[in-house]
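Structure file final_18.pdb with PDB, C-alpha atoms:
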ATOM      1  CA  MET X   1      15.378 -14.900  14.515  1.00  0.00           C
ATOM      2  CA  ASN X   2      11.909 -15.510  15.977  1.00  0.00           C
ATOM      3  CA  LEU X   3       9.107 -14.809  13.471  1.00  0.00           C
ATOM      4  CA  ILE X   4       5.511 -15.052  14.568  1.00  0.00           C
ATOM      5  CA  SER X   5       2.837 -15.750  11.971  1.00  0.00           C
ATOM      6  CA  THR X   6      -0.812 -16.301  12.669  1.00  0.00           C
ATOM      7  CA  SER X   7      -3.673 -17.401  10.482  1.00  0.00           C
ATOM      8  CA  TRP X   8      -6.319 -14.699  10.184  1.00  0.00           C
ATOM      9  CA  SER X   9      -9.273 -13.810   7.950  1.00  0.00           C
ATOM     10  CA  CYS X  10     -10.168 -10.468   6.423  1.00  0.00           C
ATOM     11  CA  GLN X  11     -13.162  -9.032   8.279  1.00  0.00           C
ATOM     12  CA  ARG X  12     -14.663  -7.727   5.026  1.00  0.00           C
ATOM     13  CA  CYS X  13     -14.162 -10.431   2.385  1.00  0.00           C
ATOM     14  CA  GLY X  14     -13.286 -13.444   4.542  1.00  0.00           C
ATOM     15  CA  ALA X  15     -10.080 -14.317   2.665  1.00  0.00           C
ATOM     16  CA  ALA X  16      -7.643 -16.357   4.780  1.00  0.00           C
ATOM     17  CA  PHE X  17      -4.009 -15.336   5.327  1.00  0.00           C
ATOM     18  CA  ILE X  18      -0.994 -16.587   7.275  1.00  0.00           C
ATOM     19  CA  SER X  19       0.961 -13.594   8.541  1.00  0.00           C
ATOM     20  CA  THR X  20       0.839 -11.043  11.311  1.00  0.00           C
ATOM     21  CA  PRO X  21      -2.751  -9.754  11.218  1.00  0.00           C
ATOM     22  CA  PRO X  22      -3.146  -5.992  10.720  1.00  0.00           C
ATOM     23  CA  GLU X  23      -4.799  -3.986  13.490  1.00  0.00           C
ATOM     24  CA  HIS X  24      -7.678  -2.977  11.195  1.00  0.00           C
ATOM     25  CA  GLY X  25      -8.382  -6.606  10.249  1.00  0.00           C
ATOM     26  CA  LEU X  26      -8.622  -5.948   6.493  1.00  0.00           C
ATOM     27  CA  CYS X  27      -6.595  -7.452   3.660  1.00  0.00           C
ATOM     28  CA  ASP X  28      -4.667  -5.075   1.395  1.00  0.00           C
ATOM     29  CA  GLN X  29      -7.261  -5.298  -1.391  1.00  0.00           C
ATOM     30  CA  CYS X  30     -10.219  -4.517   0.875  1.00  0.00           C
ATOM     31  CA  LEU X  31      -8.322  -1.691   2.550  1.00  0.00           C
ATOM     32  CA  THR X  32      -7.538  -0.163  -0.862  1.00  0.00           C
ATOM     33  CA  GLU X  33     -11.192  -0.504  -1.981  1.00  0.00           C
ATOM     34  CA  LEU X  34     -12.411   1.093   1.238  1.00  0.00           C
ATOM     35  CA  GLU X  35      -9.968   4.005   0.941  1.00  0.00           C
ATOM     36  CA  LEU X  36     -11.057   4.561  -2.670  1.00  0.00           C
ATOM     37  CA  SER X  37     -14.769   4.517  -1.782  1.00  0.00           C
ATOM     38  CA  VAL X  38     -14.183   7.099   0.954  1.00  0.00           C
ATOM     39  CA  GLN X  39     -12.368   9.358  -1.533  1.00  0.00           C
ATOM     40  CA  LEU X  40     -15.256   9.102  -4.019  1.00  0.00           C
ATOM     41  CA  ALA X  41     -18.045   9.710  -1.490  1.00  0.00           C
ATOM     42  CA  PRO X  42     -19.746  13.109  -1.847  1.00  0.00           C
ATOM     43  CA  ILE X  43     -19.100  15.523   0.980  1.00  0.00           C
ATOM     44  CA  ALA X  44     -21.969  17.654   2.230  1.00  0.00           C
ATOM     45  CA  HIS X  45     -21.187  21.336   2.540  1.00  0.00           C
ATOM     46  CA  GLN X  46     -24.766  22.570   2.363  1.00  0.00           C
ATOM     47  CA  PHE X  47     -27.825  21.890   4.462  1.00  0.00           C
ATOM     48  CA  CYS X  48     -31.420  21.301   3.419  1.00  0.00           C
ATOM     49  CA  PRO X  49     -33.629  24.328   4.238  1.00  0.00           C
ATOM     50  CA  THR X  50     -36.566  22.019   5.022  1.00  0.00           C
ATOM     51  CA  CYS X  51     -35.039  19.422   7.342  1.00  0.00           C
ATOM     52  CA  GLY X  52     -31.588  20.841   8.118  1.00  0.00           C
ATOM     53  CA  GLY X  53     -29.872  17.642   6.986  1.00  0.00           C
ATOM     54  CA  PRO X  54     -26.833  17.485   4.689  1.00  0.00           C
ATOM     55  CA  VAL X  55     -27.202  17.966   0.925  1.00  0.00           C
ATOM     56  CA  CYS X  56     -25.112  16.229  -1.763  1.00  0.00           C
ATOM     57  CA  THR X  57     -22.797  18.755  -3.456  1.00  0.00           C
ATOM     58  CA  ASP X  58     -23.011  16.813  -6.742  1.00  0.00           C
ATOM     59  CA  CYS X  59     -26.786  16.521  -7.252  1.00  0.00           C
ATOM     60  CA  GLY X  60     -28.353  18.833  -4.649  1.00  0.00           C
ATOM     61  CA  GLU X  61     -30.505  16.055  -3.153  1.00  0.00           C
ATOM     62  CA  ALA X  62     -30.778  15.534   0.594  1.00  0.00           C
ATOM     63  CA  LEU X  63     -28.467  12.823   1.924  1.00  0.00           C
ATOM     64  CA  ILE X  64     -29.633  10.087   4.252  1.00  0.00           C
ATOM     65  CA  VAL X  65     -28.126  10.328   7.713  1.00  0.00           C
ATOM     66  CA  LEU X  66     -27.753   6.973   9.477  1.00  0.00           C
ATOM     67  CA  THR X  67     -27.935   7.159  13.255  1.00  0.00           C
ATOM     68  CA  PRO X  68     -27.220   4.143  15.438  1.00  0.00           C
ATOM     69  CA  ILE X  69     -29.907   3.357  17.977  1.00  0.00           C
ATOM     70  CA  GLY X  70     -29.995   1.039  20.946  1.00  0.00           C
ATOM     71  CA  PRO X  71     -31.811  -2.281  21.066  1.00  0.00           C
ATOM     72  CA  ALA X  72     -35.575  -2.162  20.576  1.00  0.00           C
ATOM     73  CA  GLU X  73     -37.486  -1.869  23.799  1.00  0.00           C
ATOM     74  CA  GLU X  74     -40.749  -3.657  24.435  1.00  0.00           C
ATOM     75  CA  VAL X  75     -43.728  -1.371  23.906  1.00  0.00           C
ATOM     76  CA  GLY X  76     -46.603  -1.695  26.339  1.00  0.00           C
ATOM     77  CA  GLY X  77     -46.565  -3.236  29.759  1.00  0.00           C
ATOM     78  CA  ASP X  78     -49.169  -5.970  29.389  1.00  0.00           C
ATOM     79  CA  GLY X  79     -46.728  -8.521  27.978  1.00  0.00           C
ATOM     80  CA  GLY X  80     -48.618  -8.833  24.722  1.00  0.00           C
TER      81      GLY X  80
END

What does the file become when written as structure tokens?
Amino acid sequence: MNLISTSWSCQRCGAAFISTPPEHGLCDQCLTELELSVQLAPIAHQFCPTCGGPVCTDCGEALIVLTPIGPAEEVGGDGG
């Protein structure tokens, strides 16, 4: 029998383990916490009439939408 174990660290909490690392890189505890937080997150089914963004179904307030952007570009061409 040829078992392969590797030392690895959880990408979320940094805990160290010696086993076959999971593809997602999270320990069981962090994976469980993440799954639970996703289940508890409000889901937007309505849209704000003012901005068109999603609205929280629990409180009716507009939700913040995070959008990734590229690296900041230098403004102005004079180097200063």

Go ahead and compute the interatomic distance for CA of Leu34 (chain X) and CA of Gly52 (chain X), in Å to one decimal.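 Taking CA of Leu34 (chain X) and CA of Gly52 (chain X), their separation equals 28.4 Å.
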
Take CA of Ser5 (chain X) and CA of Thr20 (chain X) and report the distance between them in Å, one decimal. 5.2 Å

Hey, what comes out of the PyMOL selection byres ((chain X and resi 6-8) around 10) on this file? Could you write it as a PyMOL selection string? chain X and resi 4-5+9-11+14-22+25-27

Env of Ile64 (chain X): 9 Å cut, atoms = all atoms listed in the file, seq-sep filter 5 positions within chain, self excluded. Answer as a ChimeraX atom specification. /X:53-55

What is the distance, in Å and to one decimal place, between CA of Arg12 (chain X) and CA of Ser37 (chain X)? 14.0 Å
